[in-house]
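Source file: work-v2.cif. Holds: mmCIF, C-alpha atoms.
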```
data_entry
#
loop_
_atom_site.group_PDB
_atom_site.id
_atom_site.type_symbol
_atom_site.label_atom_id
_atom_site.label_comp_id
_atom_site.auth_asym_id
_atom_site.auth_seq_id
_atom_site.Cartn_x
_atom_site.Cartn_y
_atom_site.Cartn_z
ATOM 1 C CA MET Q 1 77.943 155.968 92.113
ATOM 2 C CA LYS Q 2 78.062 159.222 94.072
ATOM 3 C CA TYR Q 3 76.921 157.644 97.350
ATOM 4 C CA PHE Q 4 78.643 154.272 96.990
ATOM 5 C CA LEU Q 5 80.752 154.772 100.138
ATOM 6 C CA TYR Q 6 77.620 155.486 102.198
ATOM 7 C CA LEU Q 7 75.917 152.409 100.749
ATOM 8 C CA MET Q 8 78.877 150.084 101.351
ATOM 9 C CA GLY Q 9 80.024 151.541 104.702
ATOM 10 C CA PRO Q 10 77.775 149.404 106.951
ATOM 11 C CA THR Q 11 78.709 146.214 105.065
ATOM 12 C CA PHE Q 12 82.402 147.006 105.426
ATOM 13 C CA MET Q 13 81.934 147.526 109.180
ATOM 14 C CA ILE Q 14 80.280 144.107 109.504
ATOM 15 C CA LEU Q 15 82.971 142.505 107.348
ATOM 16 C CA LEU Q 16 85.755 144.034 109.412
ATOM 17 C CA GLY Q 17 84.250 143.362 112.825
ATOM 18 C CA LEU Q 18 82.629 139.973 112.335
ATOM 19 C CA GLN Q 19 84.540 138.239 109.550
ATOM 20 C CA VAL Q 20 88.043 139.710 110.042
ATOM 21 C CA LEU Q 21 88.248 140.450 113.780
ATOM 22 C CA GLY Q 22 85.638 137.898 114.853
ATOM 23 C CA ASN Q 23 84.393 140.040 117.729
ATOM 24 C CA VAL Q 24 80.691 140.867 118.130
ATOM 25 C CA ILE Q 25 81.244 143.808 120.498
ATOM 26 C CA ILE Q 26 83.713 145.466 118.115
ATOM 27 C CA THR Q 27 81.330 144.717 115.244
ATOM 28 C CA PHE Q 28 78.502 146.486 117.074
ATOM 29 C CA LEU Q 29 80.687 149.509 117.853
ATOM 30 C CA LEU Q 30 81.878 149.825 114.253
ATOM 31 C CA PHE Q 31 78.504 149.174 112.669
ATOM 32 C CA TYR Q 32 76.258 151.254 114.898
ATOM 33 C CA GLY Q 33 78.927 153.940 115.143
ATOM 34 C CA TRP Q 34 78.770 154.294 111.351
ATOM 35 C CA LEU Q 35 74.950 154.341 111.257
ATOM 36 C CA LEU Q 36 74.852 157.064 113.912
ATOM 37 C CA ALA Q 37 77.861 159.154 112.945
ATOM 38 C CA VAL Q 38 77.291 159.602 109.219
ATOM 39 C CA PRO Q 39 73.852 161.314 109.400
ATOM 40 C CA LEU Q 40 75.044 163.422 112.350
ATOM 41 C CA LEU Q 41 78.237 164.517 110.631
ATOM 42 C CA LYS Q 42 76.313 165.357 107.466
ATOM 43 C CA LYS Q 43 73.913 167.392 109.649
ATOM 44 C CA GLU Q 44 70.840 165.974 107.907
ATOM 45 C CA VAL Q 45 69.007 164.396 110.830
ATOM 46 C CA ASP Q 46 66.098 166.825 110.484
ATOM 47 C CA SER Q 47 65.253 165.617 106.957
ATOM 48 C CA ILE Q 48 65.234 161.863 107.508
ATOM 49 C CA GLY Q 49 61.556 161.389 108.321
ATOM 50 C CA LEU Q 50 61.347 162.012 112.074
ATOM 51 C CA THR Q 51 58.311 164.185 111.597
ATOM 52 C CA ARG Q 52 54.901 164.233 113.268
ATOM 53 C CA LYS Q 53 53.186 164.649 109.917
ATOM 54 C CA ASN Q 54 51.273 161.444 109.131
ATOM 55 C CA SER Q 55 52.927 159.848 112.174
ATOM 56 C CA GLN Q 56 49.689 158.146 113.297
ATOM 57 C CA LYS Q 57 49.174 156.674 109.823
ATOM 58 C CA SER Q 58 52.812 155.564 109.743
ATOM 59 C CA ILE Q 59 52.577 153.959 113.193
ATOM 60 C CA GLY Q 60 49.386 152.121 112.202
ATOM 61 C CA PHE Q 61 51.038 150.654 109.105
ATOM 62 C CA GLY Q 62 54.104 149.859 111.187
ATOM 63 C CA LEU Q 63 52.156 147.938 113.814
ATOM 64 C CA SER Q 64 50.179 145.905 111.278
ATOM 65 C CA SER Q 65 53.153 145.048 109.053
ATOM 66 C CA GLY Q 66 55.379 144.385 112.066
ATOM 67 C CA PHE Q 67 52.850 141.961 113.518
ATOM 68 C CA LEU Q 68 52.808 140.072 110.202
ATOM 69 C CA PHE Q 69 56.623 139.967 110.172
ATOM 70 C CA PHE Q 70 56.605 138.635 113.731
ATOM 71 C CA LEU Q 71 54.144 135.866 112.811
ATOM 72 C CA PHE Q 72 56.065 135.006 109.652
ATOM 73 C CA ILE Q 73 59.435 134.755 111.424
ATOM 74 C CA PHE Q 74 58.551 133.218 114.760
ATOM 75 C CA GLY Q 75 55.476 131.261 113.725
ATOM 76 C CA GLY Q 76 57.086 130.018 110.540
ATOM 77 C CA LEU Q 77 60.258 128.807 112.228
ATOM 78 C CA ILE Q 78 58.402 127.098 115.069
ATOM 79 C CA TRP Q 79 56.803 125.037 112.328
ATOM 80 C CA LEU Q 80 59.758 124.636 109.949
ATOM 81 C CA HIS Q 81 62.948 125.120 111.999
ATOM 82 C CA GLN Q 82 63.882 121.430 111.815
ATOM 83 C CA TYR Q 83 64.276 121.833 108.039
ATOM 84 C CA PHE Q 84 66.289 125.071 108.109
ATOM 85 C CA ILE Q 85 68.301 125.250 111.338
ATOM 86 C CA ASP Q 86 71.208 123.070 112.432
ATOM 87 C CA LEU Q 87 70.700 123.733 116.139
ATOM 88 C CA GLU Q 88 74.032 122.322 117.332
ATOM 89 C CA HIS Q 89 76.025 124.367 114.820
ATOM 90 C CA LEU Q 90 74.039 127.542 115.460
ATOM 91 C CA GLN Q 91 74.249 127.205 119.245
ATOM 92 C CA ALA Q 92 78.031 126.750 119.090
ATOM 93 C CA LEU Q 93 78.423 129.741 116.762
ATOM 94 C CA LEU Q 94 76.250 132.048 118.888
ATOM 95 C CA GLU Q 95 78.136 131.035 122.034
ATOM 96 C CA GLN Q 96 81.389 131.827 120.232
ATOM 97 C CA TRP Q 97 79.974 135.242 119.338
ATOM 98 C CA GLY Q 98 78.999 135.941 122.943
ATOM 99 C CA PHE Q 99 75.273 135.239 122.825
ATOM 100 C CA SER Q 100 75.312 133.475 126.169
ATOM 101 C CA GLY Q 101 75.264 134.192 129.902
ATOM 102 C CA LYS Q 102 74.549 137.660 131.259
ATOM 103 C CA GLY Q 103 75.701 139.303 128.058
ATOM 104 C CA ILE Q 104 72.584 138.154 126.255
ATOM 105 C CA ILE Q 105 70.473 140.740 128.106
ATOM 106 C CA GLY Q 106 72.537 143.608 126.719
ATOM 107 C CA LEU Q 107 72.632 142.076 123.269
ATOM 108 C CA THR Q 108 68.846 141.641 123.355
ATOM 109 C CA PHE Q 109 68.421 145.351 124.122
ATOM 110 C CA VAL Q 110 70.784 146.279 121.282
ATOM 111 C CA LEU Q 111 68.993 144.100 118.751
ATOM 112 C CA LEU Q 112 65.492 145.054 119.863
ATOM 113 C CA VAL Q 113 65.914 148.822 120.373
ATOM 114 C CA ILE Q 114 69.185 150.262 119.069
ATOM 115 C CA ASN Q 115 69.309 148.167 115.896
ATOM 116 C CA PRO Q 116 65.866 149.002 114.439
ATOM 117 C CA ILE Q 117 66.149 152.690 115.322
ATOM 118 C CA LEU Q 118 69.619 153.264 113.853
ATOM 119 C CA GLU Q 119 69.076 151.055 110.793
ATOM 120 C CA GLU Q 120 65.849 152.841 109.914
ATOM 121 C CA VAL Q 121 67.329 156.275 110.530
ATOM 122 C CA TYR Q 122 70.193 155.383 108.197
ATOM 123 C CA TRP Q 123 68.475 153.439 105.401
ATOM 124 C CA ARG Q 124 64.871 154.651 105.269
ATOM 125 C CA GLY Q 125 65.873 158.101 106.503
ATOM 126 C CA PHE Q 126 69.316 159.331 105.507
ATOM 127 C CA MET Q 127 70.064 157.132 102.457
ATOM 128 C CA HIS Q 128 66.495 157.180 101.136
ATOM 129 C CA GLN Q 129 66.503 160.968 101.146
ATOM 130 C CA LYS Q 130 69.971 161.166 99.587
ATOM 131 C CA LEU Q 131 69.197 158.819 96.705
ATOM 132 C CA LYS Q 132 65.841 160.469 95.980
ATOM 133 C CA THR Q 133 67.707 163.601 94.930
ATOM 134 C CA GLU Q 134 69.602 161.628 92.266
ATOM 135 C CA MET Q 135 67.045 159.134 90.901
ATOM 136 C CA LYS Q 136 63.444 157.965 90.856
ATOM 137 C CA THR Q 137 62.001 157.027 94.245
ATOM 138 C CA ILE Q 138 61.422 153.407 93.227
ATOM 139 C CA HIS Q 139 65.109 153.053 92.352
ATOM 140 C CA ALA Q 140 66.108 154.593 95.684
ATOM 141 C CA ILE Q 141 63.927 152.060 97.513
ATOM 142 C CA TRP Q 142 65.375 149.084 95.646
ATOM 143 C CA ILE Q 143 68.985 150.238 96.031
ATOM 144 C CA THR Q 144 68.696 150.933 99.766
ATOM 145 C CA SER Q 145 66.991 147.558 100.211
ATOM 146 C CA PHE Q 146 69.780 145.758 98.343
ATOM 147 C CA PHE Q 147 72.608 147.286 100.373
ATOM 148 C CA TYR Q 148 70.607 146.875 103.591
ATOM 149 C CA THR Q 149 70.336 143.164 102.750
ATOM 150 C CA LEU Q 150 73.987 142.805 101.759
ATOM 151 C CA TYR Q 151 75.486 142.961 105.240
ATOM 152 C CA HIS Q 152 72.741 140.721 106.614
ATOM 153 C CA PHE Q 153 73.968 138.145 104.116
ATOM 154 C CA LEU Q 154 77.491 138.439 105.562
ATOM 155 C CA SER Q 155 76.034 137.799 109.016
ATOM 156 C CA VAL Q 156 74.132 134.648 108.043
ATOM 157 C CA ILE Q 157 76.865 133.041 105.911
ATOM 158 C CA PRO Q 158 78.394 131.324 108.977
ATOM 159 C CA MET Q 159 74.949 130.322 110.292
ATOM 160 C CA PHE Q 160 73.472 128.434 107.336
ATOM 161 C CA GLN Q 161 74.667 126.248 104.493
ATOM 162 C CA TRP Q 162 74.135 127.230 100.859
ATOM 163 C CA PRO Q 163 71.440 127.899 99.616
ATOM 164 C CA LEU Q 164 69.728 128.389 102.996
ATOM 165 C CA ASN Q 165 71.849 131.492 103.684
ATOM 166 C CA VAL Q 166 70.414 133.102 100.545
ATOM 167 C CA MET Q 167 66.879 132.061 101.474
ATOM 168 C CA ALA Q 168 67.392 133.533 104.948
ATOM 169 C CA VAL Q 169 67.990 137.046 103.595
ATOM 170 C CA LEU Q 170 65.202 137.122 101.006
ATOM 171 C CA PRO Q 171 62.684 138.203 103.703
ATOM 172 C CA VAL Q 172 65.179 140.912 104.730
ATOM 173 C CA PHE Q 173 65.146 142.300 101.196
ATOM 174 C CA ALA Q 174 61.352 142.115 101.053
ATOM 175 C CA ALA Q 175 61.136 143.959 104.377
ATOM 176 C CA GLY Q 176 63.463 146.656 103.058
ATOM 177 C CA ILE Q 177 61.216 147.176 100.038
ATOM 178 C CA LEU Q 178 58.091 147.355 102.199
ATOM 179 C CA TRP Q 179 59.672 149.767 104.678
ATOM 180 C CA GLY Q 180 60.901 151.942 101.814
ATOM 181 C CA TYR Q 181 57.373 152.227 100.415
ATOM 182 C CA LEU Q 182 55.979 152.839 103.894
ATOM 183 C CA ARG Q 183 58.467 155.623 104.465
ATOM 184 C CA GLU Q 184 57.644 157.176 101.095
ATOM 185 C CA LYS Q 185 53.874 156.838 101.498
ATOM 186 C CA THR Q 186 53.761 158.453 104.941
ATOM 187 C CA GLY Q 187 56.869 160.656 104.858
ATOM 188 C CA SER Q 188 57.788 159.252 108.273
ATOM 189 C CA ILE Q 189 60.094 156.539 109.611
ATOM 190 C CA TYR Q 190 58.184 156.023 112.871
ATOM 191 C CA GLY Q 191 56.205 153.197 111.311
ATOM 192 C CA THR Q 192 59.267 151.551 109.779
ATOM 193 C CA ILE Q 193 61.008 151.610 113.169
ATOM 194 C CA ILE Q 194 58.031 149.952 114.874
ATOM 195 C CA SER Q 195 57.668 147.349 112.127
ATOM 196 C CA HIS Q 196 61.412 146.669 112.294
ATOM 197 C CA MET Q 197 61.262 146.260 116.089
ATOM 198 C CA LEU Q 198 58.493 143.678 115.825
ATOM 199 C CA GLY Q 199 60.397 141.796 113.136
ATOM 200 C CA ASP Q 200 63.499 141.747 115.340
ATOM 201 C CA LEU Q 201 61.322 140.579 118.227
ATOM 202 C CA GLY Q 202 60.372 137.587 116.100
ATOM 203 C CA ILE Q 203 64.066 136.795 115.564
ATOM 204 C CA LEU Q 204 64.769 137.110 119.287
ATOM 205 C CA CYS Q 205 61.852 134.816 120.088
ATOM 206 C CA VAL Q 206 63.331 132.250 117.709
ATOM 207 C CA TYR Q 207 66.565 132.493 119.702
ATOM 208 C CA TRP Q 208 64.903 132.287 123.145
ATOM 209 C CA PHE Q 209 62.356 129.561 122.392
ATOM 210 C CA ILE Q 210 63.966 127.465 119.644
ATOM 211 C CA VAL Q 211 67.740 127.923 119.479
ATOM 212 C CA ARG Q 212 68.728 128.620 123.082
#
```

Would you mind writing the file's structure down as structure tokens?
Amino acid sequence: MKYFLYLMGPTFMILLGLQVLGNVIITFLLFYGWLLAVPLLKKEVDSIGLTRKNSQKSIGFGLSSGFLFFLFIFGGLIWLHQYFIDLEHLQALLEQWGFSGKGIIGLTFVLLVINPILEEVYWRGFMHQKLKTEMKTIHAIWITSFFYTLYHFLSVIPMFQWPLNVMAVLPVFAAGILWGYLREKTGSIYGTIISHMLGDLGILCVYWFIVR
């Protein structure tokens, strides 16, 4: 595929930083560096959906869908975490990765602000627009959602046993599909960023109130 390197680049960065080097800080630098650098170097930032057109509609959809994601993630795991999470294993792994002490404040900011902005700029902005020039929009949405989910799967492999690691990324894929349709319907990624932030907030609340 013409854009295979762009699609696989983020997954390779996660693989290299997290699985090979085993360092979260290096992983963040590699991963977010790729998400930021590629659209900038291709000089296509203006076409990725950062437009005021339909921005209010996009933000409204983003807030409503993000609130549902937050309830699904945080509310669902408060109820069911004893069936899905091995707390001792997960706590040890997160401490090994540096999710402890003062560093957690910086990591929280990265995951709550930098992560949703750069991921949406890359996947629902840059890659969505690229693939739309080569194929039907529905195919672009499904392909970006698949590759967006792929590196999340790499991240959760050490956290959960099979088949829970697969189950853990199914909502990620569903979110990618929804955000792709939201981006296409409104022509803007403002709503997808907001929805993504609220979903990540749900994950962080799981960490702060259940895992930590």

Skipping near chain neighbours, those fewer than 4 positions away, what residues fall within 12 Å of range 157-163 of chain Q using all atoms listed in the file, listed as an MDAnalysis selection string? chainID Q and resid 15 18:19 22 81 83:94 96:97 150:153 167:170 211

Please evaluate the PyMOL selection byres ((chain Q and resi 68-78) around 6) against the displayed coordinates and give the resulting residues as a PyMOL selection string. chain Q and resi 65-67+79-81+198-199+202+206

Return as a tab-separated table the residues of range 73-167 of chain Q lying at most 10 Å from range 25-43 of chain Q, together with the closest atom-to-atom pair for each and the distance in Å to one decimal, counting only C-alpha atoms, with rows in chain order and ascending residue number.
```
residue	atom	partner	partner_atom	distance
Q:Trp97	CA	Q:Ile25	CA	8.7
Q:Gly98	CA	Q:Ile25	CA	8.5
Q:Leu107	CA	Q:Ile25	CA	9.2
Q:Val110	CA	Q:Phe28	CA	8.8
Q:Leu111	CA	Q:Phe28	CA	9.9
Q:Ile114	CA	Q:Tyr32	CA	8.3
Q:Asn115	CA	Q:Tyr32	CA	7.7
Q:Ile117	CA	Q:Leu35	CA	9.8
Q:Leu118	CA	Q:Leu35	CA	6.0
Q:Glu119	CA	Q:Leu35	CA	6.7
Q:Glu120	CA	Q:Leu35	CA	9.3
Q:Val121	CA	Q:Leu35	CA	7.9
Q:Tyr122	CA	Q:Leu35	CA	5.8
Q:Trp123	CA	Q:Leu35	CA	8.8
Q:Gly125	CA	Q:Pro39	CA	9.1
Q:Phe126	CA	Q:Pro39	CA	6.3
Q:Met127	CA	Q:Pro39	CA	8.9
```

Taking the file as shown, what set of residues would the PyMOL selection byres ((chain Q and resi 182-196) around 7) give back, as a ChimeraX atom specification? /Q:49-51,54-55,57-63,65-66,116-117,120,124-125,178-181,197-200

Ranking Q:Val24, Q:Ile177, Q:Ile210, Q:Leu112 by minimum distance to Phe146 in chain Q and counting all atoms listed in the file, which one comes first?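 The closest residue to Phe146 in chain Q is Q:Ile177.
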
Interatomic distance, CA of Lys136 in chain Q to CA of Tyr6 in chain Q (Å, one decimal):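 So the answer is 18.3 Å.
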
Please compute the CA of Ile143 in chain Q-CA of Leu16 in chain Q distance, one decimal, in Å.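 So the answer is 22.3 Å.
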
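Closest approach to Glu134 in chain Q among Q:Phe173, Q:Tyr148, Q:Tyr3, Q:Phe209 is made by Q:Tyr3 (distances from only C-alpha atoms).
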
Would you compute an axis-aligned box for range 17-22 of chain Q, covering every atom listed for it in the file with 5 Å of margin on each side, and report centre and edge lengths in Å to one decimal as lines of an AutoDock Vina configuration file?
```
center_x = 85.4
center_y = 140.6
center_z = 112.2
size_x = 15.6
size_y = 15.5
size_z = 15.3
```

I need the output of the PyMOL selection byres ((chain Q and resi 11) around 8) for this file as a PyMOL selection string; which residues are they? chain Q and resi 8-10+12-15+147+150-151+154

For CA of Thr108 in chain Q and CA of Leu204 in chain Q, quote the distance in Å rounded to one decimal.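 About the pair CA of Thr108 in chain Q and CA of Leu204 in chain Q: they are 7.3 Å apart.
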